[in-house]
file my_file-v4.cif (mmCIF, C-alpha atoms)
data_target
loop_
_atom_site.group_PDB
_atom_site.id
_atom_site.type_symbol
_atom_site.label_atom_id
_atom_site.label_comp_id
_atom_site.auth_asym_id
_atom_site.auth_seq_id
_atom_site.Cartn_x
_atom_site.Cartn_y
_atom_site.Cartn_z
ATOM 1 C CA MET A 1390 117.889 39.210 101.543
ATOM 2 C CA ASN A 1391 114.601 40.457 100.154
ATOM 3 C CA PRO A 1392 114.356 41.043 96.373
ATOM 4 C CA ALA A 1393 111.399 43.425 96.747
ATOM 5 C CA ALA A 1394 113.240 45.492 99.361
ATOM 6 C CA ILE A 1395 116.359 45.635 97.199
ATOM 7 C CA ALA A 1396 114.332 46.767 94.197
ATOM 8 C CA ALA A 1397 112.620 49.444 96.294
ATOM 9 C CA HIS A 1398 115.991 51.010 97.150
ATOM 10 C CA CYS A 1399 117.469 50.795 93.639
ATOM 11 C CA ALA A 1400 118.071 53.761 91.368
ATOM 12 C CA THR A 1401 116.411 53.992 87.953
ATOM 13 C CA SER A 1402 119.547 52.520 86.352
ATOM 14 C CA ALA A 1403 118.693 49.114 87.872
ATOM 15 C CA SER A 1404 114.907 49.213 87.540
ATOM 16 C CA HIS A 1405 114.929 46.610 84.741
ATOM 17 C CA VAL A 1406 117.052 44.055 86.635
ATOM 18 C CA ALA A 1407 115.275 40.902 87.856
ATOM 19 C CA ILE A 1408 116.395 40.081 91.410
ATOM 20 C CA GLU A 1409 116.617 36.594 92.923
ATOM 21 C CA ALA A 1410 117.726 35.587 96.426
ATOM 22 C CA VAL A 1411 118.474 32.083 97.700
ATOM 23 C CA ALA A 1412 119.726 30.810 101.038
ATOM 24 C CA GLU A 1413 122.394 28.566 99.509
ATOM 25 C CA THR A 1414 123.726 27.431 96.152
ATOM 26 C CA GLY A 1415 126.926 26.065 94.701
ATOM 27 C CA SER A 1416 127.881 29.138 92.698
ATOM 28 C CA THR A 1417 125.690 32.051 91.625
ATOM 29 C CA ASN A 1418 127.924 32.513 88.573
ATOM 30 C CA ALA A 1419 127.427 28.884 87.536
ATOM 31 C CA ASP A 1420 123.680 29.178 88.136
ATOM 32 C CA LEU A 1421 123.338 32.150 85.773
ATOM 33 C CA LEU A 1422 125.754 30.830 83.138
ATOM 34 C CA ALA A 1423 123.621 27.703 82.869
ATOM 35 C CA ARG A 1424 120.582 29.872 82.077
ATOM 36 C CA ILE A 1425 122.080 32.320 79.565
ATOM 37 C CA GLY A 1426 120.077 30.826 76.699
ATOM 38 C CA THR A 1427 116.782 31.518 78.484
ATOM 39 C CA LEU A 1428 117.432 34.980 79.936
ATOM 40 C CA THR A 1429 115.628 37.936 78.396
ATOM 41 C CA GLY A 1430 117.204 40.695 80.486
ATOM 42 C CA PRO A 1431 119.655 41.400 83.326
ATOM 43 C CA VAL A 1432 119.355 39.159 86.397
ATOM 44 C CA LEU A 1433 120.884 39.584 89.856
ATOM 45 C CA ARG A 1434 121.240 36.392 91.920
ATOM 46 C CA ILE A 1435 122.234 36.623 95.581
ATOM 47 C CA ALA A 1436 123.100 33.757 97.914
ATOM 48 C CA ASP A 1437 123.570 33.848 101.679
ATOM 49 C CA ASN A 1438 126.018 30.990 101.250
ATOM 50 C CA GLN A 1439 127.920 29.526 98.281
ATOM 51 C CA THR A 1440 129.357 26.047 98.665
ATOM 52 C CA ALA A 1441 131.409 26.159 95.448
ATOM 53 C CA GLY A 1442 132.194 29.841 94.999
ATOM 54 C CA ARG A 1443 134.995 30.601 92.551
ATOM 55 C CA GLY A 1444 137.535 33.350 92.016
ATOM 56 C CA ARG A 1445 139.852 34.075 89.115
ATOM 57 C CA ALA A 1446 141.851 31.192 87.584
ATOM 58 C CA GLY A 1447 139.535 28.645 89.180
ATOM 59 C CA ARG A 1448 140.487 29.499 92.749
ATOM 60 C CA SER A 1449 137.942 28.733 95.474
ATOM 61 C CA TRP A 1450 136.166 31.596 97.234
ATOM 62 C CA LEU A 1451 135.824 30.694 100.918
ATOM 63 C CA SER A 1452 133.221 32.299 103.157
ATOM 64 C CA ARG A 1453 130.710 31.663 105.920
ATOM 65 C CA PRO A 1454 126.958 32.312 105.876
ATOM 66 C CA GLY A 1455 126.360 35.952 106.695
ATOM 67 C CA ALA A 1456 130.049 36.892 106.636
ATOM 68 C CA ALA A 1457 130.099 38.174 103.060
ATOM 69 C CA LEU A 1458 127.839 39.710 100.456
ATOM 70 C CA MET A 1459 127.930 37.301 97.501
ATOM 71 C CA PHE A 1460 126.095 37.848 94.255
ATOM 72 C CA SER A 1461 126.256 37.504 90.484
ATOM 73 C CA LEU A 1462 124.805 39.761 87.824
ATOM 74 C CA ALA A 1463 124.040 38.517 84.302
ATOM 75 C CA TRP A 1464 124.121 41.386 81.792
ATOM 76 C CA PRO A 1465 123.774 41.492 77.990
ATOM 77 C CA PHE A 1466 126.226 43.481 75.857
ATOM 78 C CA LYS A 1467 126.312 44.392 72.191
ATOM 79 C CA GLY A 1468 129.958 43.346 71.902
ATOM 80 C CA PRO A 1469 132.163 42.610 70.009
ATOM 81 C CA LEU A 1470 134.119 40.278 72.271
ATOM 82 C CA HIS A 1471 137.464 42.099 71.991
ATOM 83 C CA LYS A 1472 135.817 45.244 73.365
ATOM 84 C CA MET A 1473 134.998 43.386 76.595
ATOM 85 C CA SER A 1474 138.614 43.124 77.815
ATOM 86 C CA GLY A 1475 138.277 46.110 80.132
ATOM 87 C CA LEU A 1476 134.998 44.991 81.706
ATOM 88 C CA PRO A 1477 136.509 43.474 84.894
ATOM 89 C CA MET A 1478 138.335 46.763 85.546
ATOM 90 C CA ALA A 1479 135.168 48.831 84.986
ATOM 91 C CA VAL A 1480 133.329 46.591 87.468
ATOM 92 C CA GLY A 1481 136.148 47.161 89.956
ATOM 93 C CA VAL A 1482 135.714 50.921 89.565
ATOM 94 C CA ALA A 1483 131.950 50.656 90.137
ATOM 95 C CA LEU A 1484 132.306 48.636 93.335
ATOM 96 C CA ALA A 1485 135.238 50.645 94.702
ATOM 97 C CA GLU A 1486 133.493 53.971 94.169
ATOM 98 C CA THR A 1487 130.291 52.704 95.774
ATOM 99 C CA ILE A 1488 132.029 51.220 98.818
ATOM 100 C CA ALA A 1489 134.071 54.406 99.267
ATOM 101 C CA ALA A 1490 130.889 56.498 99.086
ATOM 102 C CA LEU A 1491 129.512 54.337 101.911
ATOM 103 C CA GLY A 1492 132.444 55.246 104.139
ATOM 104 C CA VAL A 1493 134.999 52.490 103.500
ATOM 105 C CA PRO A 1494 137.879 53.754 101.315
ATOM 106 C CA VAL A 1495 139.343 51.023 99.109
ATOM 107 C CA GLN A 1496 141.887 50.693 96.315
ATOM 108 C CA ILE A 1497 142.139 48.339 93.337
ATOM 109 C CA LYS A 1498 144.831 45.749 92.724
ATOM 110 C CA TRP A 1499 145.033 44.949 89.017
ATOM 111 C CA PRO A 1500 142.903 43.737 87.479
ATOM 112 C CA ASN A 1501 140.042 44.118 89.947
ATOM 113 C CA ASP A 1502 140.656 42.913 93.516
ATOM 114 C CA LEU A 1503 139.501 45.516 96.029
ATOM 115 C CA LEU A 1504 141.988 46.166 98.842
ATOM 116 C CA ARG A 1505 141.460 47.801 102.204
ATOM 117 C CA ASP A 1506 144.678 48.767 103.994
ATOM 118 C CA GLY A 1507 146.554 46.452 101.614
ATOM 119 C CA ALA A 1508 144.454 43.334 102.287
ATOM 120 C CA LYS A 1509 141.804 41.869 100.000
ATOM 121 C CA LEU A 1510 138.280 43.046 100.782
ATOM 122 C CA ALA A 1511 136.431 41.927 97.649
ATOM 123 C CA GLY A 1512 136.964 39.740 94.606
ATOM 124 C CA ILE A 1513 135.365 39.876 91.176
ATOM 125 C CA LEU A 1514 135.002 37.116 88.583
ATOM 126 C CA VAL A 1515 133.702 38.012 85.105
ATOM 127 C CA GLU A 1516 132.752 35.211 82.703
ATOM 128 C CA THR A 1517 131.455 35.850 79.196
ATOM 129 C CA GLN A 1518 129.376 33.789 76.791
ATOM 130 C CA LYS A 1519 128.639 34.604 73.160
ATOM 131 C CA THR A 1520 125.065 34.246 71.889
ATOM 132 C CA ASP A 1521 123.327 34.909 68.579
ATOM 133 C CA ASP A 1522 122.283 38.355 69.819
ATOM 134 C CA GLY A 1523 125.597 39.507 71.271
ATOM 135 C CA ILE A 1524 127.512 38.712 74.441
ATOM 136 C CA TRP A 1525 126.390 37.968 77.972
ATOM 137 C CA ALA A 1526 128.646 38.604 80.932
ATOM 138 C CA VAL A 1527 128.101 37.052 84.343
ATOM 139 C CA ILE A 1528 129.780 39.194 86.964
ATOM 140 C CA GLY A 1529 130.367 37.502 90.293
ATOM 141 C CA CYS A 1530 131.306 39.520 93.381
ATOM 142 C CA GLY A 1531 132.183 38.602 96.929
ATOM 143 C CA VAL A 1532 132.611 41.359 99.531
ATOM 144 C CA ASN A 1533 133.984 40.411 102.958
ATOM 145 C CA LEU A 1534 131.834 42.093 105.592
ATOM 146 C CA LEU A 1535 132.988 40.127 108.628
ATOM 147 C CA MET A 1536 136.032 37.864 108.915
ATOM 148 C CA PRO A 1537 135.887 35.216 111.661
ATOM 149 C CA ASP A 1538 139.343 34.149 112.838
ATOM 150 C CA GLU A 1539 138.758 30.519 111.841
ATOM 151 C CA LEU A 1540 137.832 31.549 108.294
ATOM 152 C CA GLU A 1541 140.933 33.727 107.928
ATOM 153 C CA ALA A 1542 143.003 30.784 109.136
ATOM 154 C CA GLN A 1543 141.371 28.549 106.519
ATOM 155 C CA ILE A 1544 142.070 31.100 103.778
ATOM 156 C CA GLY A 1545 145.697 31.153 104.907
ATOM 157 C CA ARG A 1546 146.491 34.848 104.479
ATOM 158 C CA GLU A 1547 145.439 38.212 105.831
ATOM 159 C CA VAL A 1548 142.147 39.402 104.384
ATOM 160 C CA ALA A 1549 140.144 42.544 105.025
ATOM 161 C CA SER A 1550 136.612 43.015 106.285
ATOM 162 C CA ALA A 1551 134.204 45.930 106.519
ATOM 163 C CA PRO A 1552 132.268 45.821 109.811
ATOM 164 C CA TRP A 1553 130.879 49.271 109.015
ATOM 165 C CA LEU A 1554 129.155 47.877 105.929
ATOM 166 C CA ALA A 1555 128.046 44.824 107.921
ATOM 167 C CA GLN A 1556 126.002 47.157 110.130
ATOM 168 C CA MET A 1557 124.035 48.427 107.121
ATOM 169 C CA ASP A 1558 120.754 46.949 106.049
ATOM 170 C CA ARG A 1559 121.875 44.276 103.547
ATOM 171 C CA ASN A 1560 119.072 45.125 101.129
ATOM 172 C CA GLN A 1561 120.131 48.780 101.008
ATOM 173 C CA LEU A 1562 123.786 47.812 100.591
ATOM 174 C CA MET A 1563 122.950 45.476 97.726
ATOM 175 C CA ALA A 1564 120.755 48.139 96.117
ATOM 176 C CA ALA A 1565 123.584 50.693 96.252
ATOM 177 C CA LEU A 1566 126.034 48.294 94.610
ATOM 178 C CA LEU A 1567 123.530 47.154 91.989
ATOM 179 C CA SER A 1568 122.499 50.700 91.091
ATOM 180 C CA ARG A 1569 126.101 51.799 90.449
ATOM 181 C CA LEU A 1570 126.953 48.562 88.652
ATOM 182 C CA ALA A 1571 123.956 48.885 86.335
ATOM 183 C CA ALA A 1572 124.865 52.464 85.455
ATOM 184 C CA VAL A 1573 128.511 51.541 84.806
ATOM 185 C CA LEU A 1574 127.638 48.486 82.686
ATOM 186 C CA ALA A 1575 125.274 50.520 80.509
ATOM 187 C CA GLU A 1576 127.985 53.155 80.043
ATOM 188 C CA PHE A 1577 130.639 50.517 79.317
ATOM 189 C CA ASP A 1578 128.452 48.908 76.642
ATOM 190 C CA HIS A 1579 128.281 52.291 74.912
ATOM 191 C CA THR A 1580 131.837 53.581 75.375
ATOM 192 C CA GLY A 1581 134.112 50.669 76.263
ATOM 193 C CA PHE A 1582 136.717 51.014 79.008
ATOM 194 C CA ALA A 1583 138.446 54.232 77.883
ATOM 195 C CA PRO A 1584 136.383 56.665 80.031
ATOM 196 C CA PHE A 1585 137.040 54.501 83.108
ATOM 197 C CA ALA A 1586 140.833 54.391 82.795
ATOM 198 C CA VAL A 1587 141.417 57.643 84.688
ATOM 199 C CA ARG A 1588 139.042 56.556 87.458
ATOM 200 C CA TRP A 1589 140.755 53.162 87.708
ATOM 201 C CA ASN A 1590 144.211 54.730 87.874
ATOM 202 C CA ALA A 1591 143.065 57.065 90.658
ATOM 203 C CA LEU A 1592 142.186 53.960 92.694
ATOM 204 C CA HIS A 1593 145.313 51.959 91.776
ATOM 205 C CA ALA A 1594 146.797 50.454 94.955
ATOM 206 C CA TRP A 1595 150.250 49.727 93.529
ATOM 207 C CA GLN A 1596 150.822 52.753 91.296
ATOM 208 C CA GLY A 1597 154.574 53.361 90.919
ATOM 209 C CA LYS A 1598 155.528 50.280 92.939
ATOM 210 C CA GLU A 1599 157.802 47.432 91.910
ATOM 211 C CA VAL A 1600 155.725 44.369 91.089
ATOM 212 C CA VAL A 1601 156.177 40.820 89.826
ATOM 213 C CA LEU A 1602 153.893 39.213 87.245
ATOM 214 C CA LEU A 1603 153.195 35.514 87.781
ATOM 215 C CA ASP A 1604 151.811 32.849 85.452
ATOM 216 C CA ASN A 1605 150.872 29.623 87.262
ATOM 217 C CA GLY A 1606 153.167 30.681 90.082
ATOM 218 C CA ALA A 1607 156.180 31.274 87.833
ATOM 219 C CA GLU A 1608 157.647 34.766 87.512
ATOM 220 C CA VAL A 1609 157.335 35.974 83.921
ATOM 221 C CA GLN A 1610 157.884 39.734 84.225
ATOM 222 C CA GLN A 1611 158.836 42.389 86.711
ATOM 223 C CA GLY A 1612 158.794 46.150 86.661
ATOM 224 C CA ARG A 1613 157.159 49.287 88.008
ATOM 225 C CA ALA A 1614 153.348 49.422 87.829
ATOM 226 C CA ALA A 1615 152.236 52.452 85.786
ATOM 227 C CA GLY A 1616 148.454 52.044 85.759
ATOM 228 C CA VAL A 1617 146.240 50.835 82.923
ATOM 229 C CA ASP A 1618 145.638 52.015 79.366
ATOM 230 C CA ASP A 1619 142.366 52.718 77.574
ATOM 231 C CA ILE A 1620 141.552 49.038 77.032
ATOM 232 C CA GLY A 1621 142.473 47.908 80.547
ATOM 233 C CA ARG A 1622 145.967 46.532 79.950
ATOM 234 C CA LEU A 1623 148.406 46.885 82.835
ATOM 235 C CA LEU A 1624 151.324 49.157 81.952
ATOM 236 C CA LEU A 1625 154.604 47.870 83.322
ATOM 237 C CA ASP A 1626 157.845 49.866 83.088
ATOM 238 C CA THR A 1627 160.680 47.343 82.788
ATOM 239 C CA GLU A 1628 164.404 47.548 82.097
ATOM 240 C CA ALA A 1629 163.588 46.821 78.450
ATOM 241 C CA GLY A 1630 160.912 49.541 78.269
ATOM 242 C CA ARG A 1631 157.174 49.753 78.792
ATOM 243 C CA VAL A 1632 155.096 46.621 78.194
ATOM 244 C CA GLU A 1633 151.319 46.113 78.170
ATOM 245 C CA ILE A 1634 149.827 43.117 79.978
ATOM 246 C CA LEU A 1635 146.377 41.632 79.352
ATOM 247 C CA SER A 1636 144.879 39.997 82.429
ATOM 248 C CA GLY A 1637 144.154 36.409 81.332
ATOM 249 C CA ASP A 1638 145.146 34.046 84.134
ATOM 250 C CA VAL A 1639 148.262 35.943 85.220
ATOM 251 C CA SER A 1640 148.478 37.447 88.694
ATOM 252 C CA LEU A 1641 150.390 40.262 90.297
ATOM 253 C CA ARG A 1642 152.182 40.737 93.612
ATOM 254 C CA LEU A 1643 154.478 43.331 95.084
ATOM 255 C CA SER A 1644 158.178 42.708 94.508
ATOM 256 C CA GLY A 1645 159.650 41.002 97.568
ATOM 257 C CA ALA A 1646 156.252 39.948 98.923
ATOM 258 C CA GLN A 1647 155.446 36.351 99.728
ATOM 259 C CA PRO A 1648 153.428 34.511 97.014
#
call {"tool": "encode", "arguments": {"input": "my_file-v4.cif", "output": "structure tokens"}}
result
Amino acid sequence: MNPAAIAAHCATSASHVAIEAVAETGSTNADLLARIGTLTGPVLRIADNQTAGRGRAGRSWLSRPGAALMFSLAWPFKGPLHKMSGLPMAVGVALAETIAALGVPVQIKWPNDLLRDGAKLAGILVETQKTDDGIWAVIGCGVNLLMPDELEAQIGREVASAPWLAQMDRNQLMAALLSRLAAVLAEFDHTGFAPFAVRWNALHAWQGKEVVLLDNGAEVQQGRAAGVDDIGRLLLDTEAGRVEILSGDVSLRLSGAQP
């Protein structure tokens, strides 16, 4: 990956983002979180390989060099913290819309996994840190471009890939994602999640389907998925009525599906 080439393909929305590329690191999210106190503006950090990549709830993100596009974006927000709850969903919208525009239709599993034909294509991890000036978010993304059989076996479940995107110039692909992300993050900082709710619901993979909500593997709620509200809470229609679920560390699966 070439930072200068990425910058050359970026839209104006991302012109102020510093771009870094490394061959290997533990975790691009951890790298940027450790530097929050010294950052003066948005920073994109890309790694060809991450040896300690992480997903939501501390799960490992497994990949192989060249098989995925893995990056983190540090971005400052005005806050306050409670307004940030919908950020992971807004990021999901940005990535899904960009990938679809590049010819690979995807849907979103709440809160922000991207699915292709029902299997996971991309994961997003958003971590926030409060500073004297506001709030920084570090947004980590991993997009499966190719999926070697041995890697899928190691992951232990069916996952999606996007060979069409793998044929693109990686710098142009990264520039497209960064440009849309930068525009969405600037809009989110101004408006919050509300304007994105309709767009998220249009991409909702499990709209109207029976789902089970899990906390540390234990079933805590079940019902029919009814999309998200204006702050990004999942709306679940249950026998007792409609309930709103904040993401936290809970996870979702289709009713009757294997954990």
call {"tool": "residues_around", "arguments": {"input": "my_file-v4.cif", "residues": "region 1425-1431 of chain A", "least_positions_apart": "4", "cutoff": "6 Å", "atoms": "only C-alpha atoms", "output": "ChimeraX atom specification"}}
result
/A:1406,1463-1464
call {"tool": "residues_around", "arguments": {"input": "my_file-v4.cif", "residues": "region 1414-1423 of chain A", "least_positions_apart": "5", "cutoff": "9 Å", "atoms": "all atoms listed in the file", "output": "ChimeraX atom specification"}}
result
/A:1428,1432-1443,1459-1463,1514-1518,1525-1529
call {"tool": "axis_aligned_box", "arguments": {"input": "my_file-v4.cif", "around": "region 1574-1582 of chain A", "padding_each_side": "3 Å", "output": "JSON"}}
result
{"center_x": 131.0, "center_y": 51.0, "center_z": 78.8, "size_x": 17.4, "size_y": 11.1, "size_z": 13.8}
call {"tool": "closest_residue", "arguments": {"input": "my_file-v4.cif", "among": "A:Ala1614, A:Leu1534, A:Ala1397, A:Leu1476", "to": "Val1601 (chain A)", "atoms": "all atoms listed in the file"}}
result
A:Ala1614
call {"tool": "atom_distance", "arguments": {"input": "my_file-v4.cif", "atom1": "CA of Leu1641 (chain A)", "atom2": "CA of Leu1562 (chain A)"}}
result
29.5 Å
call {"tool": "build_atoms", "arguments": {"input": "my_file-v4.cif", "residues": "region 1551-1562 of chain A", "atoms": "all heavy atoms", "output": "tab-separated table (two decimals), in the frame of the given file"}}
result
chain	number	residue	atom	x	y	z
A	1551	ALA	N	134.81	44.60	106.45
A	1551	ALA	CA	134.20	45.93	106.52
A	1551	ALA	C	133.04	45.91	107.50
A	1551	ALA	O	131.88	45.92	107.11
A	1551	ALA	CB	133.74	46.38	105.14
A	1552	PRO	N	133.34	45.87	108.81
A	1552	PRO	CA	132.27	45.82	109.81
A	1552	PRO	C	131.29	46.98	109.68
A	1552	PRO	O	130.11	46.83	110.01
A	1552	PRO	CB	133.04	45.88	111.14
A	1552	PRO	CG	134.40	45.37	110.81
A	1552	PRO	CD	134.68	45.81	109.42
A	1553	TRP	N	131.77	48.13	109.21
A	1553	TRP	CA	130.88	49.27	109.02
A	1553	TRP	C	129.78	48.93	108.02
A	1553	TRP	O	128.60	49.22	108.24
A	1553	TRP	CB	131.69	50.47	108.56
A	1553	TRP	CG	130.86	51.68	108.19
A	1553	TRP	CD1	130.66	52.19	106.94
A	1553	TRP	CD2	130.12	52.52	109.08
A	1553	TRP	NE1	129.85	53.30	106.99
A	1553	TRP	CE2	129.50	53.53	108.29
A	1553	TRP	CE3	129.91	52.53	110.46
A	1553	TRP	CZ2	128.69	54.52	108.85
A	1553	TRP	CZ3	129.11	53.52	111.01
A	1553	TRP	CH2	128.51	54.49	110.21
A	1554	LEU	N	130.16	48.28	106.91
A	1554	LEU	CA	129.16	47.88	105.93
A	1554	LEU	C	128.27	46.77	106.48
A	1554	LEU	O	127.08	46.68	106.14
A	1554	LEU	CB	129.83	47.40	104.63
A	1554	LEU	CG	130.65	48.43	103.85
A	1554	LEU	CD1	131.19	47.81	102.58
A	1554	LEU	CD2	129.83	49.68	103.54
A	1555	ALA	N	128.83	45.92	107.34
A	1555	ALA	CA	128.05	44.82	107.92
A	1555	ALA	C	126.91	45.35	108.80
A	1555	ALA	O	125.91	44.65	109.00
A	1555	ALA	CB	128.96	43.91	108.74
A	1556	GLN	N	127.06	46.57	109.30
A	1556	GLN	CA	126.00	47.16	110.13
A	1556	GLN	C	124.85	47.72	109.29
A	1556	GLN	O	123.78	47.99	109.82
A	1556	GLN	CB	126.58	48.28	111.00
A	1556	GLN	CG	127.60	47.81	112.03
A	1556	GLN	CD	128.18	48.96	112.82
A	1556	GLN	OE1	127.49	49.92	113.16
A	1556	GLN	NE2	129.47	48.88	113.10
A	1557	MET	N	125.09	47.90	108.00
A	1557	MET	CA	124.04	48.43	107.12
A	1557	MET	C	122.95	47.38	106.89
A	1557	MET	O	123.19	46.17	107.00
A	1557	MET	CB	124.62	48.80	105.75
A	1557	MET	CG	125.44	50.05	105.69
A	1557	MET	SD	125.91	50.40	103.97
A	1557	MET	CE	124.30	50.69	103.20
A	1558	ASP	N	121.79	47.85	106.54
A	1558	ASP	CA	120.75	46.95	106.05
A	1558	ASP	C	121.26	46.30	104.76
A	1558	ASP	O	121.67	47.00	103.82
A	1558	ASP	CB	119.47	47.75	105.77
A	1558	ASP	CG	118.37	46.88	105.22
A	1558	ASP	OD1	118.34	46.70	103.97
A	1558	ASP	OD2	117.55	46.40	106.00
A	1559	ARG	N	121.29	44.97	104.70
A	1559	ARG	CA	121.88	44.28	103.55
A	1559	ARG	C	121.14	44.61	102.24
A	1559	ARG	O	121.74	44.66	101.17
A	1559	ARG	CB	121.86	42.76	103.78
A	1559	ARG	CG	122.75	42.29	104.91
A	1559	ARG	CD	124.22	42.32	104.54
A	1559	ARG	NE	125.05	41.95	105.66
A	1559	ARG	CZ	125.53	40.73	105.89
A	1559	ARG	NH1	125.23	39.75	105.06
A	1559	ARG	NH2	126.30	40.49	106.93
A	1560	ASN	N	119.83	44.80	102.34
A	1560	ASN	CA	119.07	45.12	101.13
A	1560	ASN	C	119.48	46.49	100.58
A	1560	ASN	O	119.62	46.66	99.36
A	1560	ASN	CB	117.57	45.10	101.43
A	1560	ASN	CG	117.09	43.73	101.86
A	1560	ASN	OD1	117.38	42.72	101.22
A	1560	ASN	ND2	116.37	43.68	102.98
A	1561	GLN	N	119.70	47.46	101.46
A	1561	GLN	CA	120.13	48.78	101.01
A	1561	GLN	C	121.55	48.73	100.44
A	1561	GLN	O	121.85	49.40	99.45
A	1561	GLN	CB	120.04	49.77	102.16
A	1561	GLN	CG	118.63	50.08	102.62
A	1561	GLN	CD	118.58	51.16	103.67
A	1561	GLN	OE1	119.37	52.10	103.65
A	1561	GLN	NE2	117.65	51.04	104.61
A	1562	LEU	N	122.42	47.95	101.08
A	1562	LEU	CA	123.79	47.81	100.59
A	1562	LEU	C	123.79	47.20	99.20
A	1562	LEU	O	124.47	47.68	98.28
A	1562	LEU	CB	124.60	46.95	101.56
A	1562	LEU	CG	126.02	46.59	101.13
A	1562	LEU	CD1	126.86	47.82	100.87
A	1562	LEU	CD2	126.68	45.69	102.19
